[in-house]
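K.L.:
Below you will find the structure I want to go over with you.
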Amino acid sequence: MSMPTPATARAGAAALDVKRLRQDFPALKQEINGRPLAYLDNAATAQKPAAVIEAVARYYREDNSNVHRGVHTLSERATAAYEGARETMRGFVGAASTREIVFVRGTTEAINLVAQAWARPRLQPGDEILITHLEHHSNIVPWQMVCEQTGATLRVAPINACGEVRLDEFERLLGERTKLVAIGHVSNALGTINPVRQMIERAHAREVPVLVDGAQATPHMAVDVQALGADFYALSGHKMFGPTGIGVLYAREALLDAMPPWQGGGDMIKAVSFDGTVYNDLPYKFEAGTPNIGGAVGLGAAADYIAGVGQAQIAAYESDLLAYTEDRLAEVDGLRLIGTAANKAAVASFVIDGVHAHDLGTIVDHHGVAIRAGHHCAMPVMEFFGLAATARASLAFYNTREEIDALVEALREAKNIFG
Ligand code: PLP
């Protein structure tokens, strides 16, 4: 998945009416500390368009009921809304069937599900799981846990000074004992877009299945799980303008079929007796208990909203805005960009000589600018660069050059105060 060329980026920039689109996001219309809010913390969570807020509210106002159970009208409507959202998400990621779309709480839960239901029963002492040095903690800790449980070993493909995975090393680490590869699509800490298709091809050449952590990809680019060849693909609703507490695990049907359920309870069964239980069909086998119905409805609305804006236009506009951001940041005295991969999306991580990242975060907030300061749940990445923390501006298609200018002005003030 490569980013657009500068020429197409400019065309896309022209194609997106950001001023109008911003009107869709009520939270963007406020002032913070007497300045217009510049929300540049989208990698943490994105703001929600009215279409999402209204879809969730309408569901609770009019259709609220439990799914898959009742024979009454509201239950049928709730089931139709929930299953409709599943079909929307199937289309959104390009899956072959809704049987491959499991609703989960988010990327974290999706990865834990795969670790416990796919990896744990299969791993033997000496087996290996291969990840990269770029991963979010959600794509590290569940594998560490399953390695502890099974005696398997976690291997880590290193990165270079730009924050790109070293593909030669990745390939070298793919060995006889590798049972699973788990890689991020886009790094939340640095913005690096991994060449996941190429990495999947290399893993598949050795018949190793691949999980892709897509938390930071789906807000910024079109994803087609079949074109990528992903065996598992995880995403979070709240990163892609949907509600918190809802996400999707996509998994190839044959893999899900062969997996035991992860959690037991209602809805994941066909029949229960004290002699034993017959599990439900896919994907319900993996959805124990009452699901986040309103969340799924909101996620479906978010996917529809993104499709309406246009994923190609989003990618092109953001590519242009990221280039502008990095150019403007370079003007700030003593600022160093962390993460300079050739292929990046939506993230500018940086440090400024003599100013702690958290102080930067606090001072720019006085200017109404929201950025993140810290390790971004990617402590190994920080360790690689010898840093405790960075400041991070992370973009969405509703951000503007004026907001970047406000950030740069605020950073200059921080530099004057502390630097
Ligand atoms: N993976 C990446 C790359 C992320 O950026 C995040 C969240 O920041 C996650 C996984 C975890 O997502 P969630 O907290 O929605 O489960």
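Residues are named by chain letter and number: chains run A, B, ... in the order of the structure tokens, numbers start at 1 in each chain, and ligands are numbered from 1 in the order shown.
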Around ligand 1, out to 7 Å and counting only C-alpha atoms and all ligand atoms, which residues are there? I want them as number ranges by chain.

P.N.:
A: 43-44, 106-109, 135-136, 138-139, 184, 186-188, 213-216, 236, 238-239

K.L.:
Which residues, written as a list in words, have at least one atom at most 7 Å from A:Gly294, with only C-alpha atoms counted and residues fewer than 4 positions away on the same chain left out?

P.N.:
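Here the qualifying residues turn out to be Val56, Tyr59 and Gly298 of chain A.
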
K.L.:
Filtering to all heavy atoms, could you give me those residues as a JSON list (two decimals), in the first residue's frame?

P.N.:
```json
[["chain", "number", "residue", "atom", "x", "y", "z"],
["A", 56, "VAL", "N", -25.68, 6.13, 16.34],
["A", 56, "VAL", "CA", -25.68, 5.48, 17.66],
["A", 56, "VAL", "C", -26.91, 5.95, 18.46],
["A", 56, "VAL", "O", -27.63, 5.14, 19.05],
["A", 56, "VAL", "CB", -24.37, 5.79, 18.43],
["A", 56, "VAL", "CG1", -24.43, 5.21, 19.83],
["A", 56, "VAL", "CG2", -23.16, 5.25, 17.66],
["A", 59, "TYR", "N", -30.09, 4.49, 17.11],
["A", 59, "TYR", "CA", -30.22, 3.07, 17.50],
["A", 59, "TYR", "C", -30.78, 2.96, 18.92],
["A", 59, "TYR", "O", -31.74, 2.21, 19.16],
["A", 59, "TYR", "CB", -28.87, 2.35, 17.39],
["A", 59, "TYR", "CG", -28.93, 1.02, 18.10],
["A", 59, "TYR", "CD1", -29.61, -0.05, 17.51],
["A", 59, "TYR", "CD2", -28.41, 0.86, 19.38],
["A", 59, "TYR", "CE1", -29.76, -1.25, 18.19],
["A", 59, "TYR", "CE2", -28.54, -0.33, 20.05],
["A", 59, "TYR", "CZ", -29.22, -1.38, 19.46],
["A", 59, "TYR", "OH", -29.38, -2.56, 20.13],
["A", 298, "GLY", "N", -22.54, 2.24, 15.06],
["A", 298, "GLY", "CA", -21.73, 3.44, 14.88],
["A", 298, "GLY", "C", -20.52, 3.19, 14.00],
["A", 298, "GLY", "O", -20.14, 4.03, 13.18]]
```

K.L.:
For the interface of stretch 190-259 of chain A with stretch 68-90 of chain A (cut-off 10 Å, counting only C-alpha atoms), please tabulate each contacting residue of stretch 190-259 of chain A alongside its nearest pair of atoms and their separation in Å to one decimal, rows sorted by chain and increasing number, as CSV.

P.N.:
```
residue,atom,partner,partner_atom,distance
A:Asp224,CA,A:Arg90,CA,9.9
A:Val225,CA,A:Arg90,CA,9.8
A:Gly247,CA,A:Met89,CA,9.7
A:Val248,CA,A:Met89,CA,8.0
A:Tyr250,CA,A:Arg90,CA,8.4
```

K.L.:
Pick out the residues sitting within 12 Å of A:Ala410, and hand them over as a short mmCIF file (atom, residue, chain, number, x, y, z; two decimals) with N, CA, C and O atoms, in the first residue's frame; count only C-alpha atoms, and ignore anything fewer than 2 positions along from it in its own chain.

P.N.:
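Result file follows (result09.cif):
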```cif
data_model
loop_
_atom_site.label_atom_id
_atom_site.label_comp_id
_atom_site.auth_asym_id
_atom_site.auth_seq_id
_atom_site.Cartn_x
_atom_site.Cartn_y
_atom_site.Cartn_z
N ARG A 35 -8.71 29.69 22.10
CA ARG A 35 -8.27 29.54 20.70
C ARG A 35 -9.10 28.44 20.03
O ARG A 35 -9.53 27.51 20.72
N ALA A 38 -7.30 22.88 17.67
CA ALA A 38 -6.59 22.20 16.59
C ALA A 38 -6.33 20.79 17.10
O ALA A 38 -5.42 20.58 17.89
N LEU A 329 7.62 22.04 10.62
CA LEU A 329 8.30 21.65 11.87
C LEU A 329 9.81 21.87 11.74
O LEU A 329 10.48 22.24 12.70
N VAL A 332 11.39 24.96 13.14
CA VAL A 332 11.49 25.23 14.58
C VAL A 332 12.91 24.89 15.05
O VAL A 332 13.40 23.77 14.84
N ASP A 359 6.15 18.96 28.51
CA ASP A 359 6.02 20.42 28.58
C ASP A 359 5.52 20.96 27.24
O ASP A 359 4.70 21.90 27.20
N LEU A 360 6.00 20.38 26.15
CA LEU A 360 5.52 20.79 24.83
C LEU A 360 4.01 20.59 24.74
O LEU A 360 3.27 21.48 24.30
N GLY A 361 3.57 19.41 25.18
CA GLY A 361 2.15 19.09 25.13
C GLY A 361 1.31 20.08 25.91
O GLY A 361 0.24 20.51 25.46
N THR A 362 1.82 20.46 27.10
CA THR A 362 1.07 21.38 27.96
C THR A 362 1.04 22.78 27.35
O THR A 362 -0.02 23.44 27.32
N ILE A 363 2.16 23.23 26.83
CA ILE A 363 2.19 24.60 26.30
C ILE A 363 1.35 24.73 25.03
O ILE A 363 0.60 25.70 24.88
N VAL A 364 1.44 23.73 24.16
CA VAL A 364 0.64 23.87 22.94
C VAL A 364 -0.85 23.79 23.25
O VAL A 364 -1.67 24.40 22.57
N ASP A 365 -1.20 23.09 24.33
CA ASP A 365 -2.62 23.06 24.75
C ASP A 365 -3.11 24.46 25.11
O ASP A 365 -4.27 24.80 24.87
N HIS A 366 -2.22 25.27 25.68
CA HIS A 366 -2.62 26.67 25.98
C HIS A 366 -2.99 27.41 24.70
O HIS A 366 -3.71 28.40 24.74
N HIS A 367 -2.49 26.93 23.58
CA HIS A 367 -2.82 27.54 22.28
C HIS A 367 -3.99 26.83 21.59
O HIS A 367 -4.25 27.07 20.42
N GLY A 368 -4.62 25.92 22.32
CA GLY A 368 -5.75 25.19 21.74
C GLY A 368 -5.34 24.01 20.88
O GLY A 368 -6.17 23.44 20.17
N VAL A 369 -4.05 23.66 20.91
CA VAL A 369 -3.55 22.59 20.04
C VAL A 369 -3.39 21.30 20.84
O VAL A 369 -2.69 21.28 21.86
N ALA A 370 -4.06 20.24 20.39
CA ALA A 370 -3.99 18.95 21.09
C ALA A 370 -3.01 18.03 20.38
O ALA A 370 -3.23 17.65 19.23
N ILE A 371 -1.90 17.74 21.06
CA ILE A 371 -0.97 16.72 20.55
C ILE A 371 -0.74 15.71 21.66
O ILE A 371 -1.20 15.90 22.79
N GLU A 403 -4.04 24.85 11.16
CA GLU A 403 -3.83 24.16 12.44
C GLU A 403 -2.35 23.81 12.64
O GLU A 403 -1.83 23.88 13.75
N ILE A 404 -1.70 23.45 11.55
CA ILE A 404 -0.27 23.15 11.64
C ILE A 404 0.49 24.44 11.97
O ILE A 404 1.43 24.43 12.78
N ASP A 405 0.06 25.54 11.38
CA ASP A 405 0.70 26.83 11.67
C ASP A 405 0.54 27.17 13.16
O ASP A 405 1.47 27.67 13.79
N ALA A 406 -0.66 26.89 13.70
CA ALA A 406 -0.90 27.15 15.13
C ALA A 406 0.03 26.30 15.99
O ALA A 406 0.58 26.75 17.00
N LEU A 407 0.23 25.05 15.57
CA LEU A 407 1.16 24.16 16.30
C LEU A 407 2.57 24.73 16.28
O LEU A 407 3.24 24.80 17.33
N VAL A 408 3.01 25.15 15.11
CA VAL A 408 4.39 25.64 14.98
C VAL A 408 4.59 26.91 15.82
O VAL A 408 5.60 27.06 16.52
N ARG A 412 7.18 27.27 18.99
CA ARG A 412 8.20 28.34 19.07
C ARG A 412 8.13 29.00 20.44
O ARG A 412 9.15 29.32 21.04
N GLU A 413 6.91 29.20 20.93
CA GLU A 413 6.77 29.80 22.26
C GLU A 413 7.38 28.87 23.31
O GLU A 413 8.11 29.31 24.21
N ALA A 414 7.10 27.57 23.18
CA ALA A 414 7.66 26.61 24.15
C ALA A 414 9.18 26.65 24.12
O ALA A 414 9.84 26.62 25.17
N LYS A 415 9.71 26.75 22.94
CA LYS A 415 11.18 26.79 22.79
C LYS A 415 11.73 28.06 23.46
O LYS A 415 12.78 28.03 24.11
N ASN A 416 11.02 29.17 23.30
CA ASN A 416 11.45 30.42 23.92
C ASN A 416 11.43 30.34 25.44
O ASN A 416 12.31 30.84 26.12
N ILE A 417 10.39 29.67 25.97
CA ILE A 417 10.25 29.58 27.42
C ILE A 417 11.31 28.65 28.01
O ILE A 417 11.98 28.97 28.99
#
```

K.L.:
Enter the distance from atom CA of A:Asp257 to atom CA of A:Lys285, in Å, rounded to one decimal.

P.N.:
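Those two atoms sit 9.2 Å apart.
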
K.L.:
Stretch 12-159 of chain A: which residues are strand (DSSP E or B) by DSSP, as a list in words?

P.N.:
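Matching residues for strand (DSSP E or B) in stretch 12-159 of chain A are Glu31, Ile32, Arg35, Pro36, Ala38, Tyr39, Asp41, Ile101, Val102, Phe103, Val104, Glu128, Ile129, Leu130, Ile131, Thr132, Thr153, Leu154, Arg155, Val156, Ala157 and Ile159 of chain A.
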
K.L.:
Would you mind telling me which residue in A:Gly245, A:Trp118, A:Ser394, A:Leu228 lies nearest to A:Ala46 when using only C-alpha atoms?

P.N.:
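Among the listed residues, the smallest separation from A:Ala46 belongs to A:Ser394.
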
K.L.:
Do you know which residues are at most 10 Å from A:Ala96 counting only C-alpha atoms, after dropping those on the same chain fewer than 5 positions away, and could you put them as a PyMOL selection string?

P.N.:
chain A and resi 90-91+101+225-226+252-253

K.L.:
Find the residues around stretch 300-305 of chain A up to 7 Å (only C-alpha atoms counted), leave out those fewer than 4 positions away in its own chain, and share them as a ChimeraX atom specification.

P.N.:
/A:51-52,55,85,88-89,92,240-242,296,309

K.L.:
Between A:Met379, A:Ile200, A:Leu411, A:Ala341, which is the closest to A:Cys162 once you count only C-alpha atoms?

P.N.:
A:Ala341

K.L.:
Excluding A:Pro209 and its own-chain neighbours fewer than 5 positions away, which residues fall within 8 Å of it when counting only C-alpha atoms? Please give them as a list in words.

P.N.:
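Contacts, in chain order: Lys179, Leu180, Val181, Ile200, Ala203, His204, Ala230 and Asp231 of chain A.
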
K.L.:
Could those residues be written to a file, using all heavy atoms, as a PDB file, in the first residue's frame?

P.N.:
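Below is the file selection29.pdb, written as the result:
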```pdb
ATOM      1  N   LYS A 179       5.913 -19.663  13.474  1.00  0.00           N
ATOM      2  CA  LYS A 179       4.543 -20.178  13.342  1.00  0.00           C
ATOM      3  C   LYS A 179       3.557 -19.062  12.991  1.00  0.00           C
ATOM      4  O   LYS A 179       2.462 -19.321  12.513  1.00  0.00           O
ATOM      5  CB  LYS A 179       4.111 -20.852  14.650  1.00  0.00           C
ATOM      6  CG  LYS A 179       4.847 -22.162  14.907  1.00  0.00           C
ATOM      7  CD  LYS A 179       4.401 -23.223  13.897  1.00  0.00           C
ATOM      8  CE  LYS A 179       5.128 -24.543  14.027  1.00  0.00           C
ATOM      9  NZ  LYS A 179       6.517 -24.540  13.602  1.00  0.00           N
ATOM     10  N   LEU A 180       3.951 -17.831  13.276  1.00  0.00           N
ATOM     11  CA  LEU A 180       3.063 -16.703  12.990  1.00  0.00           C
ATOM     12  C   LEU A 180       3.897 -15.439  12.878  1.00  0.00           C
ATOM     13  O   LEU A 180       4.870 -15.269  13.618  1.00  0.00           O
ATOM     14  CB  LEU A 180       2.037 -16.532  14.131  1.00  0.00           C
ATOM     15  CG  LEU A 180       1.016 -15.407  13.940  1.00  0.00           C
ATOM     16  CD1 LEU A 180      -0.064 -15.806  12.943  1.00  0.00           C
ATOM     17  CD2 LEU A 180       0.345 -15.026  15.259  1.00  0.00           C
ATOM     18  N   VAL A 181       3.489 -14.580  11.942  1.00  0.00           N
ATOM     19  CA  VAL A 181       4.070 -13.236  11.851  1.00  0.00           C
ATOM     20  C   VAL A 181       2.973 -12.251  12.258  1.00  0.00           C
ATOM     21  O   VAL A 181       1.820 -12.402  11.842  1.00  0.00           O
ATOM     22  CB  VAL A 181       4.547 -12.953  10.411  1.00  0.00           C
ATOM     23  CG1 VAL A 181       4.822 -11.468  10.209  1.00  0.00           C
ATOM     24  CG2 VAL A 181       5.784 -13.773  10.085  1.00  0.00           C
ATOM     25  N   ILE A 200       3.935 -10.115   3.794  1.00  0.00           N
ATOM     26  CA  ILE A 200       3.025 -11.269   3.807  1.00  0.00           C
ATOM     27  C   ILE A 200       3.465 -12.290   2.756  1.00  0.00           C
ATOM     28  O   ILE A 200       3.482 -13.497   3.010  1.00  0.00           O
ATOM     29  CB  ILE A 200       1.565 -10.804   3.561  1.00  0.00           C
ATOM     30  CG1 ILE A 200       1.057 -10.040   4.792  1.00  0.00           C
ATOM     31  CG2 ILE A 200       0.656 -11.983   3.256  1.00  0.00           C
ATOM     32  CD1 ILE A 200      -0.275  -9.317   4.580  1.00  0.00           C
ATOM     33  N   ALA A 203       6.285 -14.253   4.104  1.00  0.00           N
ATOM     34  CA  ALA A 203       5.853 -15.199   5.141  1.00  0.00           C
ATOM     35  C   ALA A 203       5.100 -16.363   4.499  1.00  0.00           C
ATOM     36  O   ALA A 203       5.337 -17.536   4.841  1.00  0.00           O
ATOM     37  CB  ALA A 203       4.981 -14.493   6.161  1.00  0.00           C
ATOM     38  N   HIS A 204       4.237 -16.046   3.535  1.00  0.00           N
ATOM     39  CA  HIS A 204       3.455 -17.109   2.894  1.00  0.00           C
ATOM     40  C   HIS A 204       4.336 -18.072   2.100  1.00  0.00           C
ATOM     41  O   HIS A 204       3.997 -19.247   1.973  1.00  0.00           O
ATOM     42  CB  HIS A 204       2.372 -16.505   1.998  1.00  0.00           C
ATOM     43  CG  HIS A 204       1.197 -15.989   2.780  1.00  0.00           C
ATOM     44  ND1 HIS A 204       0.106 -15.393   2.201  1.00  0.00           N
ATOM     45  CD2 HIS A 204       0.941 -15.982   4.116  1.00  0.00           C
ATOM     46  CE1 HIS A 204      -0.769 -15.045   3.137  1.00  0.00           C
ATOM     47  NE2 HIS A 204      -0.278 -15.387   4.305  1.00  0.00           N
ATOM     48  N   ALA A 230      -3.719 -10.859   3.832  1.00  0.00           N
ATOM     49  CA  ALA A 230      -3.672 -10.988   5.297  1.00  0.00           C
ATOM     50  C   ALA A 230      -4.505 -12.189   5.753  1.00  0.00           C
ATOM     51  O   ALA A 230      -5.591 -12.439   5.238  1.00  0.00           O
ATOM     52  CB  ALA A 230      -4.204  -9.716   5.943  1.00  0.00           C
ATOM     53  N   ASP A 231      -3.978 -12.903   6.724  1.00  0.00           N
ATOM     54  CA  ASP A 231      -4.735 -14.009   7.311  1.00  0.00           C
ATOM     55  C   ASP A 231      -5.617 -13.507   8.438  1.00  0.00           C
ATOM     56  O   ASP A 231      -6.731 -13.985   8.634  1.00  0.00           O
ATOM     57  CB  ASP A 231      -3.756 -15.076   7.816  1.00  0.00           C
ATOM     58  CG  ASP A 231      -2.928 -15.627   6.681  1.00  0.00           C
ATOM     59  OD1 ASP A 231      -3.463 -16.409   5.888  1.00  0.00           O
ATOM     60  OD2 ASP A 231      -1.742 -15.224   6.542  1.00  0.00           O
TER      61      ASP A 231
END
```

K.L.:
Ranking A:Glu128, A:Gly386, A:His376, A:Asp333 by minimum distance to A:Glu409 and counting only C-alpha atoms, which one comes first?

P.N.:
A:Asp333

K.L.:
Of the residues A:Asp168, A:Glu318, A:Arg177, A:Met221, which is the one nearest to A:Ala152, using only C-alpha atoms?

P.N.:
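Of A:Asp168, A:Glu318, A:Arg177, A:Met221, the one nearest A:Ala152 is A:Arg177, counting only C-alpha atoms.
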
K.L.:
When you look at stretch 321-326 of chain A with a cut-off of 7 Å (counting only C-alpha atoms), what residues show up, excluding the ones that are within fewer than 2 positions of it in the same chain? I need them as a list in words.

P.N.:
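My reading of the contact set: Tyr317, Glu318, Ser319, Arg328, Leu329, Ala330, Ala346, Ala348, Arg401 and Ile404 of chain A.
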
K.L.:
Using only C-alpha atoms for the distances, tell me which of A:Lys48, A:Glu54, A:Gly34, A:His137 is nearest to A:Tyr398.

P.N.:
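Checking each candidate against A:Tyr398, we get A:Lys48 as the closest.
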
K.L.:
Under the rule of at most 10 Å, produce a per-residue listing of stretch 156-225 of chain A near stretch 382-385 of chain A: chain, number, name, the closest pair of atoms, and the distance in Å, as a tab-separated table, using only C-alpha atoms.

P.N.:
```
residue	atom	partner	partner_atom	distance
A:Pro158	CA	A:Phe384	CA	9.4
A:Ile159	CA	A:Phe384	CA	8.6
A:Asn160	CA	A:Phe384	CA	9.3
A:Ala161	CA	A:Phe385	CA	8.0
A:Cys162	CA	A:Phe385	CA	9.9
A:Gly163	CA	A:Phe385	CA	9.1
A:Ala189	CA	A:Met382	CA	8.6
A:Leu190	CA	A:Met382	CA	9.9
```

K.L.:
Go ahead and save the picked residues with N, CA and C atoms, as a PDB file, in the first residue's frame.

P.N.:
```pdb
ATOM      1  N   PRO A 158      14.409  -6.084  13.367  1.00  0.00           N
ATOM      2  CA  PRO A 158      14.890  -4.745  13.729  1.00  0.00           C
ATOM      3  C   PRO A 158      14.472  -3.670  12.722  1.00  0.00           C
ATOM      4  N   ILE A 159      14.666  -2.421  13.133  1.00  0.00           N
ATOM      5  CA  ILE A 159      14.369  -1.279  12.254  1.00  0.00           C
ATOM      6  C   ILE A 159      15.655  -0.489  12.001  1.00  0.00           C
ATOM      7  N   ASN A 160      15.623   0.360  10.983  1.00  0.00           N
ATOM      8  CA  ASN A 160      16.778   1.214  10.709  1.00  0.00           C
ATOM      9  C   ASN A 160      16.562   2.606  11.331  1.00  0.00           C
ATOM     10  N   ALA A 161      17.509   3.485  11.113  1.00  0.00           N
ATOM     11  CA  ALA A 161      17.480   4.797  11.777  1.00  0.00           C
ATOM     12  C   ALA A 161      16.327   5.684  11.296  1.00  0.00           C
ATOM     13  N   CYS A 162      15.732   5.335  10.150  1.00  0.00           N
ATOM     14  CA  CYS A 162      14.561   6.090   9.672  1.00  0.00           C
ATOM     15  C   CYS A 162      13.270   5.566  10.294  1.00  0.00           C
ATOM     16  N   GLY A 163      13.369   4.422  10.959  1.00  0.00           N
ATOM     17  CA  GLY A 163      12.154   3.828  11.526  1.00  0.00           C
ATOM     18  C   GLY A 163      11.447   2.908  10.539  1.00  0.00           C
ATOM     19  N   ALA A 189       3.587   5.346  16.425  1.00  0.00           N
ATOM     20  CA  ALA A 189       4.595   6.210  17.040  1.00  0.00           C
ATOM     21  C   ALA A 189       5.337   7.046  16.005  1.00  0.00           C
ATOM     22  N   LEU A 190       5.546   6.467  14.801  1.00  0.00           N
ATOM     23  CA  LEU A 190       6.389   7.132  13.799  1.00  0.00           C
ATOM     24  C   LEU A 190       5.673   7.409  12.482  1.00  0.00           C
TER      25      LEU A 190
END
```

K.L.:
Give the answer as one residue: which of A:Asp41, A:Glu176, A:Glu287, A:Glu31 has the shortest atom-to-atom distance to A:Ala391, using only C-alpha atoms?

P.N.:
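For A:Ala391, the nearest of the given residues is A:Asp41.
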
K.L.:
Name the residues of stretch 81-282 of chain A that come out as alpha helix (DSSP H) in a backbone DSSP run; write them as a VMD selection string.

P.N.:
chain A and resid 81 to 93 107 to 113 120 to 122 141 to 150 167 to 173 196 to 205 225 to 228 253 to 258
